[in-house]
>>> print(open('upload10.pdb').read())   # PDB, C-alpha atoms, pLDDT in the B column
ATOM      1  CA  MET A   1      21.283   4.729   9.010  1.00 50.00           C
ATOM      2  CA  HIS A   2      19.269   6.344  11.819  1.00 51.00           C
ATOM      3  CA  HIS A   3      21.152   9.650  11.798  1.00 51.00           C
ATOM      4  CA  ARG A   4      20.635   9.927   8.034  1.00 52.00           C
ATOM      5  CA  CYS A   5      16.939   9.147   8.458  1.00 56.00           C
ATOM      6  CA  LEU A   6      16.722  11.904  11.059  1.00 48.00           C
ATOM      7  CA  ALA A   7      18.376  14.247   8.607  1.00 45.00           C
ATOM      8  CA  THR A   8      15.779  13.303   6.012  1.00 45.00           C
ATOM      9  CA  LEU A   9      12.987  14.118   8.471  1.00 45.00           C
ATOM     10  CA  LEU A  10      14.458  17.510   9.325  1.00 40.00           C
ATOM     11  CA  LEU A  11      15.090  18.417   5.708  1.00 39.00           C
ATOM     12  CA  THR A  12      11.547  17.583   4.656  1.00 41.00           C
ATOM     13  CA  ALA A  13       9.601  18.921   7.632  1.00 39.00           C
ATOM     14  CA  ALA A  14       9.147  22.372   6.129  1.00 34.00           C
ATOM     15  CA  SER A  15       7.713  20.946   2.933  1.00 34.00           C
ATOM     16  CA  PHE A  16       5.335  18.676   4.825  1.00 35.00           C
ATOM     17  CA  LEU A  17       3.935  21.535   6.853  1.00 30.00           C
ATOM     18  CA  HIS A  18       2.758  23.286   3.689  1.00 32.00           C
ATOM     19  CA  ALA A  19       1.042  20.230   2.217  1.00 33.00           C
ATOM     20  CA  GLU A  20      -2.709  19.981   2.049  1.00 30.00           C
ATOM     21  CA  VAL A  21      -4.774  16.810   2.317  1.00 34.00           C
ATOM     22  CA  PRO A  22      -8.405  16.691   1.185  1.00 35.00           C
ATOM     23  CA  SER A  23     -10.927  15.925   3.921  1.00 35.00           C
ATOM     24  CA  VAL A  24     -12.543  13.291   1.699  1.00 38.00           C
ATOM     25  CA  PRO A  25     -10.959  11.104  -0.967  1.00 42.00           C
ATOM     26  CA  PRO A  26     -10.948  12.874  -4.339  1.00 40.00           C
ATOM     27  CA  THR A  27     -12.410  11.077  -7.296  1.00 40.00           C
ATOM     28  CA  PRO A  28      -9.801   9.113  -9.267  1.00 38.00           C
ATOM     29  CA  THR A  29     -10.111  11.434 -12.271  1.00 36.00           C
ATOM     30  CA  SER A  30      -9.047  14.430 -10.172  1.00 35.00           C
ATOM     31  CA  LEU A  31      -5.696  12.968  -9.177  1.00 32.00           C
ATOM     32  CA  PRO A  32      -2.328  13.924 -10.653  1.00 31.00           C
ATOM     33  CA  GLY A  33      -0.400  11.432 -12.702  1.00 32.00           C
ATOM     34  CA  LEU A  34       1.990  10.632  -9.859  1.00 36.00           C
ATOM     35  CA  ASP A  35       0.273  10.030  -6.546  1.00 37.00           C
ATOM     36  CA  CYS A  36       3.334  10.875  -4.477  1.00 35.00           C
ATOM     37  CA  PHE A  37       4.087  13.429  -1.850  1.00 36.00           C
ATOM     38  CA  ALA A  38       5.869  16.519  -3.158  1.00 34.00           C
ATOM     39  CA  GLY A  39       8.865  18.107  -1.528  1.00 37.00           C
ATOM     40  CA  MET A  40      10.798  15.036  -0.424  1.00 42.00           C
ATOM     41  CA  THR A  41      14.516  15.619  -0.029  1.00 47.00           C
ATOM     42  CA  THR A  42      17.000  12.920   0.873  1.00 52.00           C
ATOM     43  CA  PRO A  43      20.652  13.247   1.883  1.00 53.00           C
ATOM     44  CA  THR A  44      22.915  12.157  -0.944  1.00 53.00           C
ATOM     45  CA  GLY A  45      23.611   8.443  -0.852  1.00 67.00           C
ATOM     46  CA  ASP A  46      20.758   7.604   1.469  1.00 80.00           C
ATOM     47  CA  ASN A  47      17.672   5.570   0.606  1.00 88.00           C
ATOM     48  CA  SER A  48      14.603   7.475   1.789  1.00 89.00           C
ATOM     49  CA  ALA A  49      12.453   4.419   1.064  1.00 91.00           C
ATOM     50  CA  ILE A  50      13.763   2.612   4.146  1.00 92.00           C
ATOM     51  CA  CYS A  51      13.811   5.552   6.595  1.00 90.00           C
ATOM     52  CA  PRO A  52      10.631   5.477   8.733  1.00 86.00           C
ATOM     53  CA  LEU A  53       9.217   8.915   8.083  1.00 80.00           C
ATOM     54  CA  PRO A  54       5.945  10.596   9.054  1.00 76.00           C
ATOM     55  CA  ARG A  55       3.952  12.857   6.803  1.00 74.00           C
ATOM     56  CA  LEU A  56       3.401  15.711   9.186  1.00 73.00           C
ATOM     57  CA  GLU A  57       0.094  16.705   7.599  1.00 70.00           C
ATOM     58  CA  TRP A  58      -1.461  13.288   8.215  1.00 81.00           C
ATOM     59  CA  PHE A  59      -0.855  12.680  11.902  1.00 86.00           C
ATOM     60  CA  GLY A  60      -4.571  13.049  12.635  1.00 85.00           C
ATOM     61  CA  ARG A  61      -5.500  10.343  10.144  1.00 89.00           C
ATOM     62  CA  VAL A  62      -2.917   7.953  11.587  1.00 91.00           C
ATOM     63  CA  LYS A  63      -4.176   8.606  15.110  1.00 90.00           C
ATOM     64  CA  ARG A  64      -7.799   8.024  14.096  1.00 91.00           C
ATOM     65  CA  ASN A  65      -6.883   4.738  12.426  1.00 94.00           C
ATOM     66  CA  ASN A  66      -4.909   3.577  15.438  1.00 94.00           C
ATOM     67  CA  ASP A  67      -7.623   4.634  17.878  1.00 94.00           C
ATOM     68  CA  GLN A  68     -10.317   2.854  15.871  1.00 95.00           C
ATOM     69  CA  ALA A  69      -8.188  -0.271  15.558  1.00 96.00           C
ATOM     70  CA  ALA A  70      -7.451  -0.288  19.287  1.00 96.00           C
ATOM     71  CA  LYS A  71     -11.170  -0.465  20.048  1.00 96.00           C
ATOM     72  CA  VAL A  72     -11.565  -3.679  18.048  1.00 96.00           C
ATOM     73  CA  ALA A  73      -8.001  -5.025  18.187  1.00 96.00           C
ATOM     74  CA  GLY A  74      -9.046  -8.474  19.360  1.00 96.00           C
ATOM     75  CA  GLN A  75     -11.470  -8.812  16.451  1.00 97.00           C
ATOM     76  CA  ILE A  76      -9.097  -7.820  13.634  1.00 98.00           C
ATOM     77  CA  GLN A  77      -8.118 -10.891  11.639  1.00 98.00           C
ATOM     78  CA  LEU A  78      -7.566  -9.430   8.177  1.00 98.00           C
ATOM     79  CA  VAL A  79      -5.389  -6.348   7.631  1.00 98.00           C
ATOM     80  CA  PHE A  80      -5.109  -4.288   4.456  1.00 98.00           C
ATOM     81  CA  ASP A  81      -2.213  -1.833   4.257  1.00 98.00           C
ATOM     82  CA  GLY A  82      -0.764   0.469   1.635  1.00 98.00           C
ATOM     83  CA  ASP A  83      -1.493   3.780  -0.059  1.00 98.00           C
ATOM     84  CA  SER A  84      -4.546   5.328  -1.736  1.00 97.00           C
ATOM     85  CA  ILE A  85      -5.220   2.230  -3.816  1.00 98.00           C
ATOM     86  CA  THR A  86      -5.755   0.293  -0.584  1.00 98.00           C
ATOM     87  CA  ASP A  87      -7.283   3.265   1.258  1.00 97.00           C
ATOM     88  CA  TRP A  88     -10.080   3.502  -1.284  1.00 97.00           C
ATOM     89  CA  TRP A  89     -11.490   0.127  -0.514  1.00 98.00           C
ATOM     90  CA  GLN A  90     -13.501   2.408   1.761  1.00 96.00           C
ATOM     91  CA  SER A  91     -14.922   4.390  -1.166  1.00 96.00           C
ATOM     92  CA  TRP A  92     -14.764   2.862  -4.646  1.00 96.00           C
ATOM     93  CA  GLY A  93     -14.517  -0.669  -3.266  1.00 97.00           C
ATOM     94  CA  LEU A  94     -16.799  -0.240  -0.266  1.00 98.00           C
ATOM     95  CA  SER A  95     -19.661  -2.472  -1.428  1.00 98.00           C
ATOM     96  CA  ILE A  96     -17.243  -5.358  -1.991  1.00 98.00           C
ATOM     97  CA  TRP A  97     -15.535  -4.648   1.337  1.00 98.00           C
ATOM     98  CA  GLN A  98     -18.834  -4.833   3.185  1.00 98.00           C
ATOM     99  CA  ASP A  99     -19.850  -7.991   1.357  1.00 97.00           C
ATOM    100  CA  ARG A 100     -16.593  -9.945   1.573  1.00 97.00           C
ATOM    101  CA  TYR A 101     -14.258  -8.573   4.218  1.00 98.00           C
ATOM    102  CA  ALA A 102     -16.182  -6.844   7.005  1.00 97.00           C
ATOM    103  CA  LYS A 103     -17.499 -10.178   8.283  1.00 97.00           C
ATOM    104  CA  LEU A 104     -13.917 -11.499   8.494  1.00 97.00           C
ATOM    105  CA  GLY A 105     -12.797  -8.849  10.969  1.00 98.00           C
ATOM    106  CA  ALA A 106     -11.024  -6.718   8.366  1.00 98.00           C
ATOM    107  CA  PHE A 107      -9.334  -3.382   8.999  1.00 98.00           C
ATOM    108  CA  ASP A 108      -7.926  -1.006   6.382  1.00 98.00           C
ATOM    109  CA  PHE A 109      -4.806   0.918   7.441  1.00 98.00           C
ATOM    110  CA  GLY A 110      -4.045   2.222   3.939  1.00 98.00           C
ATOM    111  CA  ILE A 111      -3.596   5.987   3.628  1.00 97.00           C
ATOM    112  CA  ALA A 112      -3.669   7.920   0.359  1.00 96.00           C
ATOM    113  CA  GLY A 113      -0.284   9.278  -0.655  1.00 95.00           C
ATOM    114  CA  ASP A 114       1.770   6.983   1.559  1.00 97.00           C
ATOM    115  CA  ARG A 115       5.163   5.764   0.487  1.00 97.00           C
ATOM    116  CA  THR A 116       7.207   2.925   1.937  1.00 98.00           C
ATOM    117  CA  GLU A 117       8.873   5.162   4.499  1.00 97.00           C
ATOM    118  CA  ASN A 118       5.515   6.489   5.707  1.00 96.00           C
ATOM    119  CA  LEU A 119       4.150   2.989   6.231  1.00 97.00           C
ATOM    120  CA  LEU A 120       7.325   2.042   8.074  1.00 97.00           C
ATOM    121  CA  TRP A 121       6.809   4.998  10.387  1.00 95.00           C
ATOM    122  CA  ARG A 122       3.198   3.990  11.045  1.00 96.00           C
ATOM    123  CA  LEU A 123       4.373   0.511  12.027  1.00 97.00           C
ATOM    124  CA  SER A 124       6.937   2.046  14.390  1.00 95.00           C
ATOM    125  CA  GLN A 125       4.210   4.015  16.174  1.00 91.00           C
ATOM    126  CA  GLY A 126       2.059   1.199  17.529  1.00 94.00           C
ATOM    127  CA  GLN A 127      -0.254   0.608  14.595  1.00 97.00           C
ATOM    128  CA  MET A 128      -0.343  -3.133  15.266  1.00 98.00           C
ATOM    129  CA  ASN A 129      -0.438  -3.010  19.064  1.00 97.00           C
ATOM    130  CA  GLY A 130      -2.655  -5.816  20.347  1.00 97.00           C
ATOM    131  CA  ILE A 131      -3.561  -6.914  16.813  1.00 98.00           C
ATOM    132  CA  HIS A 132      -2.868 -10.504  15.786  1.00 98.00           C
ATOM    133  CA  PRO A 133      -4.235 -10.995  12.275  1.00 98.00           C
ATOM    134  CA  LYS A 134      -4.294 -14.199  10.291  1.00 98.00           C
ATOM    135  CA  LEU A 135      -3.618 -12.414   7.019  1.00 98.00           C
ATOM    136  CA  ILE A 136      -2.012  -9.104   6.034  1.00 98.00           C
ATOM    137  CA  LEU A 137      -2.547  -7.809   2.503  1.00 98.00           C
ATOM    138  CA  LEU A 138       0.223  -5.416   1.546  1.00 98.00           C
ATOM    139  CA  MET A 139       0.721  -3.307  -1.546  1.00 98.00           C
ATOM    140  CA  ILE A 140       2.963  -0.253  -1.468  1.00 98.00           C
ATOM    141  CA  GLY A 141       5.584   1.464  -3.590  1.00 98.00           C
ATOM    142  CA  THR A 142       3.883   3.233  -6.483  1.00 98.00           C
ATOM    143  CA  ASN A 143       4.227   6.609  -4.752  1.00 98.00           C
ATOM    144  CA  ASN A 144       7.991   6.112  -4.462  1.00 98.00           C
ATOM    145  CA  LEU A 145       8.451   5.980  -8.227  1.00 98.00           C
ATOM    146  CA  GLY A 146       8.989   9.730  -8.479  1.00 96.00           C
ATOM    147  CA  ASN A 147      11.785   9.888  -5.900  1.00 94.00           C
ATOM    148  CA  ASN A 148      13.475   6.496  -5.576  1.00 98.00           C
ATOM    149  CA  THR A 149      15.248   3.995  -7.774  1.00 98.00           C
ATOM    150  CA  ASP A 150      13.716   0.592  -8.394  1.00 98.00           C
ATOM    151  CA  GLU A 151      16.259  -0.980  -6.067  1.00 98.00           C
ATOM    152  CA  GLN A 152      15.479   1.485  -3.296  1.00 98.00           C
ATOM    153  CA  ILE A 153      11.747   0.876  -3.609  1.00 98.00           C
ATOM    154  CA  ALA A 154      12.242  -2.880  -3.411  1.00 98.00           C
ATOM    155  CA  GLU A 155      14.427  -2.378  -0.340  1.00 98.00           C
ATOM    156  CA  GLY A 156      11.700  -0.273   1.261  1.00 98.00           C
ATOM    157  CA  ILE A 157       9.120  -2.994   0.646  1.00 98.00           C
ATOM    158  CA  LYS A 158      11.478  -5.588   2.109  1.00 98.00           C
ATOM    159  CA  ALA A 159      11.875  -3.436   5.232  1.00 98.00           C
ATOM    160  CA  ILE A 160       8.078  -3.330   5.640  1.00 98.00           C
ATOM    161  CA  ILE A 161       7.792  -7.098   5.281  1.00 98.00           C
ATOM    162  CA  ASP A 162      10.507  -7.593   7.875  1.00 98.00           C
ATOM    163  CA  ARG A 163       8.801  -5.183  10.243  1.00 98.00           C
ATOM    164  CA  TYR A 164       5.425  -6.840   9.826  1.00 98.00           C
ATOM    165  CA  ARG A 165       7.021 -10.254  10.354  1.00 98.00           C
ATOM    166  CA  SER A 166       8.490  -9.091  13.661  1.00 98.00           C
ATOM    167  CA  LEU A 167       5.219  -7.517  14.813  1.00 98.00           C
ATOM    168  CA  CYS A 168       2.908 -10.304  13.595  1.00 98.00           C
ATOM    169  CA  PRO A 169       5.008 -13.491  13.438  1.00 98.00           C
ATOM    170  CA  ASP A 170       1.988 -15.778  13.145  1.00 97.00           C
ATOM    171  CA  ALA A 171       0.367 -13.908  10.270  1.00 98.00           C
ATOM    172  CA  VAL A 172       0.603 -14.703   6.588  1.00 98.00           C
ATOM    173  CA  ILE A 173       1.577 -11.712   4.471  1.00 98.00           C
ATOM    174  CA  LEU A 174       0.069 -11.538   1.004  1.00 98.00           C
ATOM    175  CA  LEU A 175       2.509  -9.291  -0.840  1.00 98.00           C
ATOM    176  CA  GLN A 176       0.757  -7.956  -3.907  1.00 98.00           C
ATOM    177  CA  GLY A 177       2.667  -6.749  -6.922  1.00 98.00           C
ATOM    178  CA  ILE A 178       2.456  -3.014  -7.568  1.00 98.00           C
ATOM    179  CA  PHE A 179      -0.406  -2.383  -9.984  1.00 98.00           C
ATOM    180  CA  PRO A 180       0.409  -1.264 -13.525  1.00 98.00           C
ATOM    181  CA  ARG A 181      -0.123   2.407 -14.236  1.00 98.00           C
ATOM    182  CA  ALA A 182      -0.328   4.661 -17.298  1.00 98.00           C
ATOM    183  CA  GLN A 183      -2.585   4.035 -20.271  1.00 98.00           C
ATOM    184  CA  SER A 184       0.098   3.031 -22.735  1.00 98.00           C
ATOM    185  CA  ALA A 185       1.792  -0.352 -22.610  1.00 98.00           C
ATOM    186  CA  THR A 186       5.066   1.349 -23.576  1.00 98.00           C
ATOM    187  CA  ASP A 187       5.038   3.929 -20.777  1.00 98.00           C
ATOM    188  CA  PRO A 188       8.394   3.744 -18.920  1.00 98.00           C
ATOM    189  CA  LEU A 189       6.582   3.314 -15.599  1.00 98.00           C
ATOM    190  CA  ARG A 190       5.236  -0.024 -16.780  1.00 98.00           C
ATOM    191  CA  GLN A 191       8.704  -1.531 -17.131  1.00 98.00           C
ATOM    192  CA  ARG A 192       9.883  -0.075 -13.843  1.00 98.00           C
ATOM    193  CA  ILE A 193       6.948  -1.646 -12.031  1.00 98.00           C
ATOM    194  CA  LYS A 194       7.637  -4.994 -13.688  1.00 98.00           C
ATOM    195  CA  GLU A 195      11.248  -4.879 -12.521  1.00 98.00           C
ATOM    196  CA  ILE A 196      10.274  -3.968  -8.967  1.00 98.00           C
ATOM    197  CA  ASN A 197       7.679  -6.734  -8.857  1.00 98.00           C
ATOM    198  CA  LYS A 198      10.240  -9.210 -10.161  1.00 98.00           C
ATOM    199  CA  THR A 199      12.558  -8.278  -7.306  1.00 98.00           C
ATOM    200  CA  ILE A 200       9.978  -8.313  -4.529  1.00 98.00           C
ATOM    201  CA  SER A 201       8.631 -11.671  -5.694  1.00 98.00           C
ATOM    202  CA  THR A 202      11.866 -13.161  -4.344  1.00 98.00           C
ATOM    203  CA  TYR A 203      10.872 -12.095  -0.822  1.00 98.00           C
ATOM    204  CA  ALA A 204       8.132 -14.731  -0.706  1.00 98.00           C
ATOM    205  CA  ASP A 205       8.670 -18.124   0.875  1.00 97.00           C
ATOM    206  CA  GLY A 206       5.269 -19.476  -0.135  1.00 95.00           C
ATOM    207  CA  LYS A 207       4.316 -19.956   3.501  1.00 95.00           C
ATOM    208  CA  ARG A 208       4.486 -16.870   5.689  1.00 97.00           C
ATOM    209  CA  VAL A 209       5.014 -14.497   2.776  1.00 98.00           C
ATOM    210  CA  VAL A 210       3.047 -15.166  -0.398  1.00 98.00           C
ATOM    211  CA  PHE A 211       3.533 -13.103  -3.551  1.00 98.00           C
ATOM    212  CA  LEU A 212       0.732 -12.465  -6.021  1.00 98.00           C
ATOM    213  CA  ASP A 213       1.010 -10.336  -9.160  1.00 98.00           C
ATOM    214  CA  PHE A 214      -2.275 -10.001 -11.018  1.00 98.00           C
ATOM    215  CA  GLY A 215      -1.674  -6.641 -12.667  1.00 98.00           C
ATOM    216  CA  ASP A 216      -2.350  -8.034 -16.140  1.00 98.00           C
ATOM    217  CA  LYS A 217      -5.981  -8.549 -15.156  1.00 98.00           C
ATOM    218  CA  PHE A 218      -6.446  -4.779 -15.295  1.00 98.00           C
ATOM    219  CA  LEU A 219      -5.152  -4.515 -18.856  1.00 98.00           C
ATOM    220  CA  GLU A 220      -6.536  -4.992 -22.322  1.00 98.00           C
ATOM    221  CA  PRO A 221      -5.100  -7.777 -24.554  1.00 97.00           C
ATOM    222  CA  ASP A 222      -2.796  -5.226 -26.219  1.00 98.00           C
ATOM    223  CA  GLY A 223      -1.473  -4.064 -22.837  1.00 98.00           C
ATOM    224  CA  THR A 224      -3.308  -0.753 -22.764  1.00 98.00           C
ATOM    225  CA  MET A 225      -5.329   0.289 -19.741  1.00 98.00           C
ATOM    226  CA  SER A 226      -9.014   1.104 -20.050  1.00 98.00           C
ATOM    227  CA  PRO A 227     -10.398   4.135 -18.184  1.00 98.00           C
ATOM    228  CA  GLU A 228     -13.337   1.889 -17.331  1.00 98.00           C
ATOM    229  CA  ILE A 229     -10.988  -0.102 -15.090  1.00 98.00           C
ATOM    230  CA  MET A 230      -8.713   2.722 -13.916  1.00 98.00           C
ATOM    231  CA  PRO A 231     -10.189   6.136 -14.720  1.00 97.00           C
ATOM    232  CA  ASP A 232      -6.925   7.988 -14.037  1.00 97.00           C
ATOM    233  CA  PHE A 233      -4.770   5.027 -15.146  1.00 98.00           C
ATOM    234  CA  LEU A 234      -3.623   4.518 -11.567  1.00 97.00           C
ATOM    235  CA  HIS A 235      -6.579   3.934  -9.216  1.00 98.00           C
ATOM    236  CA  PRO A 236      -9.154   1.189  -9.799  1.00 98.00           C
ATOM    237  CA  SER A 237     -12.792   2.000 -10.452  1.00 98.00           C
ATOM    238  CA  ALA A 238     -15.527   0.002  -8.746  1.00 98.00           C
ATOM    239  CA  LYS A 239     -15.103  -2.526 -11.571  1.00 98.00           C
ATOM    240  CA  GLY A 240     -11.369  -2.558 -10.939  1.00 98.00           C
ATOM    241  CA  TYR A 241     -11.880  -3.295  -7.259  1.00 98.00           C
ATOM    242  CA  ARG A 242     -14.022  -6.285  -8.199  1.00 98.00           C
ATOM    243  CA  ILE A 243     -11.211  -7.590 -10.407  1.00 98.00           C
ATOM    244  CA  TRP A 244      -8.860  -7.118  -7.469  1.00 98.00           C
ATOM    245  CA  ALA A 245     -11.214  -8.864  -5.046  1.00 98.00           C
ATOM    246  CA  ASP A 246     -11.628 -11.866  -7.323  1.00 98.00           C
ATOM    247  CA  ALA A 247      -7.845 -12.151  -7.752  1.00 98.00           C
ATOM    248  CA  ILE A 248      -7.109 -12.322  -4.017  1.00 98.00           C
ATOM    249  CA  GLN A 249     -10.140 -14.385  -3.007  1.00 98.00           C
ATOM    250  CA  PRO A 250      -8.416 -17.794  -3.322  1.00 97.00           C
ATOM    251  CA  VAL A 251      -5.756 -16.721  -0.818  1.00 97.00           C
ATOM    252  CA  ILE A 252      -8.353 -15.309   1.555  1.00 98.00           C
ATOM    253  CA  ASP A 253     -10.365 -18.522   1.306  1.00 97.00           C
ATOM    254  CA  GLN A 254      -7.318 -20.518   2.426  1.00 96.00           C
ATOM    255  CA  LEU A 255      -7.103 -18.559   5.684  1.00 97.00           C
ATOM    256  CA  PHE A 256     -10.830 -17.976   6.059  1.00 96.00           C
ATOM    257  CA  PRO A 257     -12.556 -21.064   4.650  1.00 94.00           C
ATOM    258  CA  PRO A 258     -16.092 -20.310   3.453  1.00 87.00           C
ATOM    259  CA  ALA A 259     -18.828 -21.667   5.683  1.00 79.00           C
ATOM    260  CA  LYS A 260     -20.346 -24.884   4.314  1.00 73.00           C
TER     261      LYS A 260
END
>>> encode(input="upload10.pdb", output="structure tokens")
Amino acid sequence: MHHRCLATLLLTAASFLHAEVPSVPPTPTSLPGLDCFAGMTTPTGDNSAICPLPRLEWFGRVKRNNDQAAKVAGQIQLVFDGDSITDWWQSWGLSIWQDRYAKLGAFDFGIAGDRTENLLWRLSQGQMNGIHPKLILLMIGTNNLGNNTDEQIAEGIKAIIDRYRSLCPDAVILLQGIFPRAQSATDPLRQRIKEINKTISTYADGKRVVFLDFGDKFLEPDGTMSPEIMPDFLHPSAKGYRIWADAIQPVIDQLFPPAK
């Protein structure tokens, strides 16, 4: 697999070099419908979702995250990882983050635009060096929808779980189902996400890997998505982040019991 992954890196390097990343997170309403990196090319027959791959335009962000984490490695007990949806706990969800998670020794490694292969590459480059968290909250895969099959995306998520398990064997991984996207309940992406979540739910053992799918909490009774919850029908608003926080709180409370 490694020689094919190398081929993927070489084939996509030129495209990566021409990509632009905003210096600050854009507002959700300014984002395109598919929050995925353009220009990916994969050798025929290979699964790009499991090939650890950097995004050459985001090396600086990865280095800053790793440098910041290294300074407080011994204090990090709660890790969030994923793409822009996780990254923007630091913007749209910041007030909740400061209220609920900062005091628990939380660190957010999520980077906007990341796909499974990008997260795998980050893990291969020392992201978790010296960090021994109690709980890892993982959600990734929505950005792969434009380039990978459902099976490939699930395989990429499995590879990340396996990598995290090897790096942090004492941690519990809370694997969160990919959030629903698109306003309409009949949008094809909705069914794809359901199928992927059904597959990745089988990766949980209920002990070291726990699966939680609360995507329906973001939807109206008829299955449509309100712009009040997800303005671009992909990224949560501040209200959406509160729904998210409430959904995961019982799991967090198990590992970090509230003070009596």
>>> closest_atom_pairs(input="upload10.pdb", of="stretch 35-128 of chain A", to="stretch 151-161 of chain A", cutoff="6 Å", atoms="only C-alpha atoms", output="JSON lines")
{"residue": "A:Ala49", "atom": "CA", "partner": "A:Gly156", "partner_atom": "CA", "distance": 4.8}
{"residue": "A:Ile50", "atom": "CA", "partner": "A:Gly156", "partner_atom": "CA", "distance": 4.6}
{"residue": "A:Thr116", "atom": "CA", "partner": "A:Gly156", "partner_atom": "CA", "distance": 5.6}
{"residue": "A:Leu120", "atom": "CA", "partner": "A:Ile160", "partner_atom": "CA", "distance": 5.9}
>>> residues_around(input="upload10.pdb", residues="stretch 90-97 of chain A", least_positions_apart="4", cutoff="6 Å", atoms="only C-alpha atoms", output="count of residues only")
3
>>> resolve_selection(input="upload10.pdb", expression="the PyMOL selection byres ((chain A and resi 183) around 12)", output="short mmCIF file (atom, residue, chain, number, x, y, z; two decimals) with C-alpha atoms, in the coordinates of the input")
data_model
loop_
_atom_site.label_atom_id
_atom_site.label_comp_id
_atom_site.auth_asym_id
_atom_site.auth_seq_id
_atom_site.Cartn_x
_atom_site.Cartn_y
_atom_site.Cartn_z
CA GLY A 33 -0.40 11.43 -12.70
CA PRO A 180 0.41 -1.26 -13.52
CA ARG A 181 -0.12 2.41 -14.24
CA ALA A 182 -0.33 4.66 -17.30
CA SER A 184 0.10 3.03 -22.74
CA ALA A 185 1.79 -0.35 -22.61
CA THR A 186 5.07 1.35 -23.58
CA ASP A 187 5.04 3.93 -20.78
CA PRO A 188 8.39 3.74 -18.92
CA LEU A 189 6.58 3.31 -15.60
CA ARG A 190 5.24 -0.02 -16.78
CA PHE A 218 -6.45 -4.78 -15.30
CA LEU A 219 -5.15 -4.51 -18.86
CA GLU A 220 -6.54 -4.99 -22.32
CA ASP A 222 -2.80 -5.23 -26.22
CA GLY A 223 -1.47 -4.06 -22.84
CA THR A 224 -3.31 -0.75 -22.76
CA MET A 225 -5.33 0.29 -19.74
CA SER A 226 -9.01 1.10 -20.05
CA PRO A 227 -10.40 4.14 -18.18
CA GLU A 228 -13.34 1.89 -17.33
CA ILE A 229 -10.99 -0.10 -15.09
CA MET A 230 -8.71 2.72 -13.92
CA PRO A 231 -10.19 6.14 -14.72
CA ASP A 232 -6.92 7.99 -14.04
CA PHE A 233 -4.77 5.03 -15.15
CA LEU A 234 -3.62 4.52 -11.57
CA HIS A 235 -6.58 3.93 -9.22
#
>>> resolve_selection(input="upload10.pdb", expression="the PyMOL selection byres ((chain A and resi 175) around 8)", output="PyMOL selection string")
chain A and resi 137-139+173-174+176-177+204+209-212
>>> write_last_selection(input="upload10.pdb", atoms="C-alpha atoms", output="mmCIF file, in the frame of the given file")
data_model
loop_
_atom_site.group_PDB
_atom_site.id
_atom_site.type_symbol
_atom_site.label_atom_id
_atom_site.label_comp_id
_atom_site.auth_asym_id
_atom_site.auth_seq_id
_atom_site.Cartn_x
_atom_site.Cartn_y
_atom_site.Cartn_z
ATOM 1 C CA LEU A 137 -2.547 -7.809 2.503
ATOM 2 C CA LEU A 138 0.223 -5.416 1.546
ATOM 3 C CA MET A 139 0.721 -3.307 -1.546
ATOM 4 C CA ILE A 173 1.577 -11.712 4.471
ATOM 5 C CA LEU A 174 0.069 -11.538 1.004
ATOM 6 C CA GLN A 176 0.757 -7.956 -3.907
ATOM 7 C CA GLY A 177 2.667 -6.749 -6.922
ATOM 8 C CA ALA A 204 8.132 -14.731 -0.706
ATOM 9 C CA VAL A 209 5.014 -14.497 2.776
ATOM 10 C CA VAL A 210 3.047 -15.166 -0.398
ATOM 11 C CA PHE A 211 3.533 -13.103 -3.551
ATOM 12 C CA LEU A 212 0.732 -12.465 -6.021
#
>>> residues_around(input="upload10.pdb", residues="A:Asp108", least_positions_apart="6", cutoff="9 Å", atoms="all atoms listed in the file", output="list in words")
Asn65, Leu78, Val79, Phe80, Asp81, Gly82, Thr86, Asp87, Trp89 and Gln90 of chain A
>>> residues_near_point(input="upload10.pdb", point="(4.9, 4.8, 3.1)", cutoff="9 Å", atoms="only C-alpha atoms", output="list in words")
Ala49, Pro52, Leu53, Pro54, Arg55, Gly82, Asp83, Ile111, Gly113, Asp114, Arg115, Thr116, Glu117, Asn118, Leu119, Leu120, Trp121, Arg122, Ile140, Gly141, Asn143, Asn144 and Gly156 of chain A
>>> build_atoms(input="upload10.pdb", residues="stretch 212-219 of chain A", atoms="N, CA and C atoms", output="PDB file, keeping the file's coordinate frame")
ATOM      1  N   LEU A 212       1.760 -12.328  -4.991  1.00 98.00           N
ATOM      2  CA  LEU A 212       0.732 -12.465  -6.021  1.00 98.00           C
ATOM      3  C   LEU A 212       0.757 -11.222  -6.905  1.00 98.00           C
ATOM      4  N   ASP A 213       0.996 -11.427  -8.186  1.00 98.00           N
ATOM      5  CA  ASP A 213       1.010 -10.336  -9.160  1.00 98.00           C
ATOM      6  C   ASP A 213      -0.093 -10.604 -10.176  1.00 98.00           C
ATOM      7  N   PHE A 214      -1.146  -9.819 -10.108  1.00 98.00           N
ATOM      8  CA  PHE A 214      -2.275 -10.001 -11.018  1.00 98.00           C
ATOM      9  C   PHE A 214      -2.551  -8.725 -11.804  1.00 98.00           C
ATOM     10  N   GLY A 215      -1.519  -7.917 -11.977  1.00 98.00           N
ATOM     11  CA  GLY A 215      -1.674  -6.641 -12.667  1.00 98.00           C
ATOM     12  C   GLY A 215      -2.217  -6.765 -14.077  1.00 98.00           C
ATOM     13  N   ASP A 216      -1.885  -7.860 -14.763  1.00 98.00           N
ATOM     14  CA  ASP A 216      -2.350  -8.034 -16.140  1.00 98.00           C
ATOM     15  C   ASP A 216      -3.870  -8.105 -16.235  1.00 98.00           C
ATOM     16  N   LYS A 217      -4.513  -8.454 -15.142  1.00 98.00           N
ATOM     17  CA  LYS A 217      -5.981  -8.549 -15.156  1.00 98.00           C
ATOM     18  C   LYS A 217      -6.642  -7.187 -15.359  1.00 98.00           C
ATOM     19  N   PHE A 218      -5.908  -6.121 -15.108  1.00 98.00           N
ATOM     20  CA  PHE A 218      -6.446  -4.779 -15.295  1.00 98.00           C
ATOM     21  C   PHE A 218      -6.248  -4.251 -16.717  1.00 98.00           C
ATOM     22  N   LEU A 219      -5.559  -4.995 -17.537  1.00 98.00           N
ATOM     23  CA  LEU A 219      -5.152  -4.515 -18.856  1.00 98.00           C
ATOM     24  C   LEU A 219      -5.927  -5.163 -19.980  1.00 98.00           C
TER      25      LEU A 219
END
